[in-house]
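S.K.: Let me begin by handing over the structure; questions about it come next.
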Amino acid sequence: MIPIAHVIALSAVLFAIGALGVLVRRNLVVMLMSIELMLNAANLAFIGFARHHGDETGHVFVLMVIVVAAAEVAVGLGILIALFRNRASVDVEDASLLKW
Amino acid sequence: MIPAPVLELRAVLPLGVLALGAIAVLVLDLVMLDRSRLFGRSVTRAFVGTLLSLTSAVFLIVVLVLGVQNLVHGSTAVFNVANPLVQLDPLANFGVLLVAGGTLLVCLMSVAYLAELDINHGEYYALLLLSASGMVLLVSATDLLSLFLGLEVTAIPAYVLAGFDRGRRRGNEAALKYFLLGSFASAILLYGMALLYGATGATTLEAIRQAEVASSPLALAGMGLVLVGFAFKVSSVPFHQWVPDVYEGAPASVGGFFATTVKAAAFVALLRLLAVALGEGASWVAPMLAVLAALSMIVGNTMALIQQNPKRLLGYAAIGHAGYLLLGFVAATPEAYAAVLFYLTAYLFMTLGAFAVLVALANRGHDLERIGDLAGLAKKRPALAGALTLFAISLAGIPPTAGFLAKFQLFAAVVGAGHVGLVILAVGTSVLSAFYYLRLPVLMVMREPEGPPPRLHLASGEWLVVGVCALAVVTLGLLPNGLGVDSPSLLPPALDWSRDAITALLASR
């Protein structure tokens, strides 16, 4: 049996990679994937804790999060396509009309 | 065998009505778009827009009536007692009133505006109703799961609404920034929830308080991440960068929706989270909130001073108001919580009124993008200029308006809890805010008109919303308790209801 500490360590690493990806990368598709990575890191933590506590609430939580993440990605890609149609770029640095 | 749970459907009735309304609007739009005719007659796009707006209004009014009834009876309905995900208590009902009222006003003021911007699509109303249903879930959530779902169901339609004018680059950019930062915040919040669940083994707010968050570092980290996520949602500094961009880039009616309804729902949820999941034993959270509040007041009000775009100005002003509201959570007394609820009510009407004036001033397919374009409005459109002056006075917190009373109540409650320094800062930044708010009436009255003339005809919906907001700002300032508890149908006793909601919340935990 895998100890809980390993599961949580892995999820923390995944979460950090995702958060760094959002902050560092400038390609919108990669940023979207990084946000997905963060959500899935949370899912992993939920599953690990659910097994640790012997409680099924965590599993239910994960199922809901997966559905929400799917909806979020659909909307995110829609926004990305609308943006791409208007300026033919997926670089966030190009989205700079609004500042200060 | 698992016994069938006893479900109290009354607890999810407002949620269901709004979700049903969203579906009804979508289907109605589809049917009419397909045929372009109704009962054998061909219909215009403008007619379809009006019909959809009125359909949404009917559903929202049903929810408003439900909320008022529940508040008058002071009733509490728990969806499933064995596993309380959703609880429609007086606090939730107060939130439902704010949400449904705000969304109703947005629906009514959008009809002519959407046609003016040439984005008269039926999905607009469906998205508004969907987002409102998420907010109803959010204000009645008593579990991390329903809290997260509420936040997301609120936010996902909101991302689409921000970029609803999808042919315009500024709209795209607003949607993109809102989406990226909003979902980033959601992910942080979710990870915090996972840590909280790990530390306490439970997801209900009640169980989290009993497990005493402060006792374990894991739970502390989780609660910290959840609060960071909420700081994003309520637009507090240093997580505020998206606010001015989104308010500027989104259509003015949508900006008004975000500034008032979405924010009110997030604050009500934050109130429940702090009051129920942390309880009294959470002295560690007050200094953190105090820093957020002070930064928000200073940065929001200072940056608003130099803005030239009215929507952006209201965005920075909203950050400042978030700072004032956070003061109530620093104090964390029942009086302060009640003052937060009353402030949200007053803020809803004055900010939505200001956005409604901007909606009414949209001209030739464009929003009013420069404050200078307000010059001479008092001559061109005296009624609109008067209304905007009233909203500006109220936002600055000058008597006899709702904004003054709300600020007074809040600051008095915070002083009562012993945070005098913070209140001095708040009063100072309020004085600062008077500069940029009062610049608007000065421009409208003192300057000669320039630029293109305003739209000739204002839609009745725009007049109605501006009028209702102006009336509410004055009556909430003079008669905060309406005509007494006996006749809540005429003028709701907002002040009493806010106190009752907090009393019931604190008594039930």
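How things are named: the first chain in the structure tokens is A, the next is B, and so on; residues count from 1 in each chain; ligands count from 1 in the order shown.
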Report as CSV the residues of chain A within 6 Å of chain B, each with its shortest atom pair and distance in Å (one decimal), using only C-alpha atoms, ordered by chain and increasing residue number.
M.R.:
residue,atom,partner,partner_atom,distance
A:Met38,CA,B:Ala187,CA,5.9
A:Leu39,CA,B:Ala187,CA,5.3
A:Ala42,CA,B:Tyr191,CA,4.7
A:Phe46,CA,B:Ala194,CA,5.3
A:Phe49,CA,B:Gly198,CA,5.1
A:Leu83,CA,B:Asn172,CA,5.5
A:Ala95,CA,B:Glu173,CA,5.8
A:Leu98,CA,B:Asp245,CA,5.6
S.K.: Quick one: residues within 7 Å of Gly49 of chain B, only C-alpha atoms, excluding same-chain residues fewer than 6 positions away - as a list in words?
M.R.: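 Listed by chain and then number, they are Val111, Asn120 and Gly122 of chain B.
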S.K.: Calculate how many Å separate atom CA of Gly315 of chain B from atom CA of Tyr247 of chain B, rounding to one decimal.
M.R.: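 Answer for the atom CA of Gly315 of chain B to atom CA of Tyr247 of chain B separation: 5.8 Å.
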S.K.: From the DSSP assignment of the backbone, select every residue of chain A that is helix (DSSP H, G or I), and format the answer as a PyMOL selection string.
M.R.: chain A and resi 4-24+28-53+57-87+92-94
S.K.: Restricting the calculation to only C-alpha atoms: of B:Phe59, B:Asp29, B:Val43, B:Ser215, which residue gets closest to Leu13 of chain B?
M.R.: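 When distances to Leu13 of chain B are compared using only C-alpha atoms, the smallest one comes from B:Phe59.
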S.K.: Residues within 10 Å of Glu450 of chain B, please, as a list of chain:residue names. Count only C-alpha atoms; anything in the same chain fewer than 5 positions from it doesn't count.
M.R.: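 The filter keeps B:Gly372, B:Asp373, B:Leu374, B:Ala375, B:Gly376, B:Leu377.
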S.K.: Can those selected residues be exported to a file as a PDB file, in the first residue's frame so that it contains N, CA and C atoms?
M.R.:
ATOM      1  N   GLY B 372     -14.497  62.249 -20.231  1.00  0.00           N
ATOM      2  CA  GLY B 372     -14.688  63.562 -20.834  1.00  0.00           C
ATOM      3  C   GLY B 372     -15.972  63.645 -21.658  1.00  0.00           C
ATOM      4  N   ASP B 373     -16.435  62.477 -22.187  1.00  0.00           N
ATOM      5  CA  ASP B 373     -17.654  62.491 -22.990  1.00  0.00           C
ATOM      6  C   ASP B 373     -18.896  62.778 -22.159  1.00  0.00           C
ATOM      7  N   LEU B 374     -18.736  62.771 -20.830  1.00  0.00           N
ATOM      8  CA  LEU B 374     -19.887  63.108 -19.982  1.00  0.00           C
ATOM      9  C   LEU B 374     -20.121  64.612 -19.953  1.00  0.00           C
ATOM     10  N   ALA B 375     -19.176  65.390 -20.490  1.00  0.00           N
ATOM     11  CA  ALA B 375     -19.257  66.844 -20.391  1.00  0.00           C
ATOM     12  C   ALA B 375     -20.587  67.363 -20.926  1.00  0.00           C
ATOM     13  N   GLY B 376     -21.218  68.223 -20.133  1.00  0.00           N
ATOM     14  CA  GLY B 376     -22.449  68.850 -20.578  1.00  0.00           C
ATOM     15  C   GLY B 376     -23.658  67.944 -20.594  1.00  0.00           C
ATOM     16  N   LEU B 377     -23.553  66.789 -19.964  1.00  0.00           N
ATOM     17  CA  LEU B 377     -24.688  65.867 -19.992  1.00  0.00           C
ATOM     18  C   LEU B 377     -25.910  66.475 -19.294  1.00  0.00           C
TER      19      LEU B 377
END
S.K.: Write out as a PyMOL selection string which residues come within 10 Å of Ala472 of chain B when counting only C-alpha atoms, dropping same-chain ones fewer than 6 positions away.
M.R.: chain B and resi 345-346+348-350+353+401-402+466+478-480+491
S.K.: Those same residues - all heavy atoms - I'd like them written as a PDB file, in the first residue's frame.
M.R.:
ATOM      1  N   THR B 345     -26.326  45.432  -0.108  1.00  0.00           N
ATOM      2  CA  THR B 345     -27.600  45.855  -0.695  1.00  0.00           C
ATOM      3  C   THR B 345     -27.482  47.264  -1.267  1.00  0.00           C
ATOM      4  O   THR B 345     -27.862  47.516  -2.418  1.00  0.00           O
ATOM      5  CB  THR B 345     -28.700  45.834   0.381  1.00  0.00           C
ATOM      6  OG1 THR B 345     -28.578  44.628   1.125  1.00  0.00           O
ATOM      7  CG2 THR B 345     -30.074  45.921  -0.238  1.00  0.00           C
ATOM      8  N   ALA B 346     -26.961  48.185  -0.463  1.00  0.00           N
ATOM      9  CA  ALA B 346     -26.823  49.571  -0.922  1.00  0.00           C
ATOM     10  C   ALA B 346     -25.888  49.632  -2.131  1.00  0.00           C
ATOM     11  O   ALA B 346     -26.182  50.296  -3.134  1.00  0.00           O
ATOM     12  CB  ALA B 346     -26.273  50.435   0.211  1.00  0.00           C
ATOM     13  N   LEU B 348     -25.233  47.327  -4.296  1.00  0.00           N
ATOM     14  CA  LEU B 348     -25.862  46.746  -5.479  1.00  0.00           C
ATOM     15  C   LEU B 348     -26.631  47.823  -6.241  1.00  0.00           C
ATOM     16  O   LEU B 348     -26.472  47.988  -7.444  1.00  0.00           O
ATOM     17  CB  LEU B 348     -26.801  45.617  -5.059  1.00  0.00           C
ATOM     18  CG  LEU B 348     -27.468  44.872  -6.208  1.00  0.00           C
ATOM     19  CD1 LEU B 348     -27.116  43.404  -6.133  1.00  0.00           C
ATOM     20  CD2 LEU B 348     -28.968  45.001  -6.201  1.00  0.00           C
ATOM     21  N   PHE B 349     -27.449  48.598  -5.527  1.00  0.00           N
ATOM     22  CA  PHE B 349     -28.292  49.564  -6.223  1.00  0.00           C
ATOM     23  C   PHE B 349     -27.478  50.726  -6.770  1.00  0.00           C
ATOM     24  O   PHE B 349     -27.687  51.162  -7.893  1.00  0.00           O
ATOM     25  CB  PHE B 349     -29.404  50.060  -5.305  1.00  0.00           C
ATOM     26  CG  PHE B 349     -30.477  49.045  -5.103  1.00  0.00           C
ATOM     27  CD1 PHE B 349     -30.671  48.448  -3.880  1.00  0.00           C
ATOM     28  CD2 PHE B 349     -31.289  48.668  -6.160  1.00  0.00           C
ATOM     29  CE1 PHE B 349     -31.660  47.493  -3.703  1.00  0.00           C
ATOM     30  CE2 PHE B 349     -32.278  47.715  -5.999  1.00  0.00           C
ATOM     31  CZ  PHE B 349     -32.461  47.130  -4.760  1.00  0.00           C
ATOM     32  N   MET B 350     -26.515  51.237  -5.995  1.00  0.00           N
ATOM     33  CA  MET B 350     -25.813  52.425  -6.504  1.00  0.00           C
ATOM     34  C   MET B 350     -24.872  52.084  -7.657  1.00  0.00           C
ATOM     35  O   MET B 350     -24.803  52.830  -8.633  1.00  0.00           O
ATOM     36  CB  MET B 350     -25.102  53.191  -5.382  1.00  0.00           C
ATOM     37  CG  MET B 350     -24.158  52.447  -4.528  1.00  0.00           C
ATOM     38  SD  MET B 350     -24.027  53.269  -2.921  1.00  0.00           S
ATOM     39  CE  MET B 350     -22.595  52.454  -2.244  1.00  0.00           C
ATOM     40  N   GLY B 353     -26.946  51.146 -10.715  1.00  0.00           N
ATOM     41  CA  GLY B 353     -27.503  52.380 -11.264  1.00  0.00           C
ATOM     42  C   GLY B 353     -26.484  53.105 -12.122  1.00  0.00           C
ATOM     43  O   GLY B 353     -26.786  53.546 -13.236  1.00  0.00           O
ATOM     44  N   THR B 401     -27.935  59.443   1.457  1.00  0.00           N
ATOM     45  CA  THR B 401     -28.118  58.304   0.552  1.00  0.00           C
ATOM     46  C   THR B 401     -27.819  56.981   1.254  1.00  0.00           C
ATOM     47  O   THR B 401     -27.329  56.945   2.385  1.00  0.00           O
ATOM     48  CB  THR B 401     -27.146  58.441  -0.628  1.00  0.00           C
ATOM     49  OG1 THR B 401     -25.836  58.594  -0.089  1.00  0.00           O
ATOM     50  CG2 THR B 401     -27.475  59.628  -1.483  1.00  0.00           C
ATOM     51  N   ALA B 402     -28.126  55.898   0.524  1.00  0.00           N
ATOM     52  CA  ALA B 402     -27.886  54.550   1.057  1.00  0.00           C
ATOM     53  C   ALA B 402     -26.405  54.329   1.321  1.00  0.00           C
ATOM     54  O   ALA B 402     -26.026  53.688   2.294  1.00  0.00           O
ATOM     55  CB  ALA B 402     -28.400  53.514   0.071  1.00  0.00           C
ATOM     56  N   VAL B 466     -32.790  52.646 -14.117  1.00  0.00           N
ATOM     57  CA  VAL B 466     -32.188  53.839 -13.511  1.00  0.00           C
ATOM     58  C   VAL B 466     -33.123  54.378 -12.424  1.00  0.00           C
ATOM     59  O   VAL B 466     -32.682  54.723 -11.314  1.00  0.00           O
ATOM     60  CB  VAL B 466     -31.911  54.915 -14.581  1.00  0.00           C
ATOM     61  CG1 VAL B 466     -31.477  56.205 -13.928  1.00  0.00           C
ATOM     62  CG2 VAL B 466     -30.836  54.438 -15.542  1.00  0.00           C
ATOM     63  N   LEU B 478     -32.913  56.842   3.615  1.00  0.00           N
ATOM     64  CA  LEU B 478     -33.816  57.532   4.544  1.00  0.00           C
ATOM     65  C   LEU B 478     -34.633  56.561   5.376  1.00  0.00           C
ATOM     66  O   LEU B 478     -34.873  56.799   6.570  1.00  0.00           O
ATOM     67  CB  LEU B 478     -34.760  58.450   3.754  1.00  0.00           C
ATOM     68  CG  LEU B 478     -34.066  59.609   3.026  1.00  0.00           C
ATOM     69  CD1 LEU B 478     -35.059  60.358   2.173  1.00  0.00           C
ATOM     70  CD2 LEU B 478     -33.390  60.536   4.012  1.00  0.00           C
ATOM     71  N   LEU B 479     -35.103  55.486   4.746  1.00  0.00           N
ATOM     72  CA  LEU B 479     -35.957  54.519   5.442  1.00  0.00           C
ATOM     73  C   LEU B 479     -35.342  53.124   5.318  1.00  0.00           C
ATOM     74  O   LEU B 479     -35.867  52.274   4.605  1.00  0.00           O
ATOM     75  CB  LEU B 479     -37.356  54.481   4.824  1.00  0.00           C
ATOM     76  CG  LEU B 479     -38.221  55.721   4.904  1.00  0.00           C
ATOM     77  CD1 LEU B 479     -39.399  55.596   3.960  1.00  0.00           C
ATOM     78  CD2 LEU B 479     -38.709  55.913   6.326  1.00  0.00           C
ATOM     79  N   PRO B 480     -34.218  52.863   5.980  1.00  0.00           N
ATOM     80  CA  PRO B 480     -33.555  51.571   5.787  1.00  0.00           C
ATOM     81  C   PRO B 480     -34.423  50.410   6.241  1.00  0.00           C
ATOM     82  O   PRO B 480     -34.179  49.280   5.864  1.00  0.00           O
ATOM     83  CB  PRO B 480     -32.292  51.690   6.630  1.00  0.00           C
ATOM     84  CG  PRO B 480     -32.588  52.739   7.619  1.00  0.00           C
ATOM     85  CD  PRO B 480     -33.517  53.698   6.958  1.00  0.00           C
ATOM     86  N   LEU B 491     -42.046  48.175   1.006  1.00  0.00           N
ATOM     87  CA  LEU B 491     -40.640  48.559   1.124  1.00  0.00           C
ATOM     88  C   LEU B 491     -39.977  47.561   2.061  1.00  0.00           C
ATOM     89  O   LEU B 491     -40.256  47.553   3.245  1.00  0.00           O
ATOM     90  CB  LEU B 491     -40.519  49.962   1.729  1.00  0.00           C
ATOM     91  CG  LEU B 491     -40.629  51.160   0.811  1.00  0.00           C
ATOM     92  CD1 LEU B 491     -40.571  52.420   1.629  1.00  0.00           C
ATOM     93  CD2 LEU B 491     -39.544  51.148  -0.220  1.00  0.00           C
TER      94      LEU B 491
END
S.K.: Find the residues around Val12 of chain B up to 10 Å (only C-alpha atoms counted), leave out those fewer than 5 positions away in its own chain, and share them as a PDB file with C-alpha atoms, in the first residue's frame.
M.R.:
ATOM      1  CA  LEU B   7     -35.261  15.465   0.629  1.00  0.00           C
ATOM      2  CA  VAL B  17     -36.609  27.829 -11.010  1.00  0.00           C
ATOM      3  CA  ALA B  77     -34.993  24.549   4.736  1.00  0.00           C
ATOM      4  CA  VAL B  78     -32.191  21.976   4.611  1.00  0.00           C
ATOM      5  CA  PHE B  79     -32.108  19.942   1.421  1.00  0.00           C
ATOM      6  CA  VAL B  86     -27.647  23.145   0.621  1.00  0.00           C
ATOM      7  CA  GLN B  87     -29.421  25.106   3.300  1.00  0.00           C
ATOM      8  CA  LEU B  88     -31.893  27.876   2.506  1.00  0.00           C
ATOM      9  CA  VAL B 136     -28.069  30.878  -5.472  1.00  0.00           C
ATOM     10  CA  LEU B 137     -26.186  27.604  -4.897  1.00  0.00           C
ATOM     11  CA  SER B 140     -26.894  28.526   0.264  1.00  0.00           C
TER      12      SER B 140
END
S.K.: Give me the residues near Ala501 of chain B as a VMD selection string, where near means some atom within 8 Å (using only C-alpha atoms) and where sequence neighbours in that chain fewer than 4 positions away do not count.
M.R.: chain B and resid 89 to 91 94 338 497 505
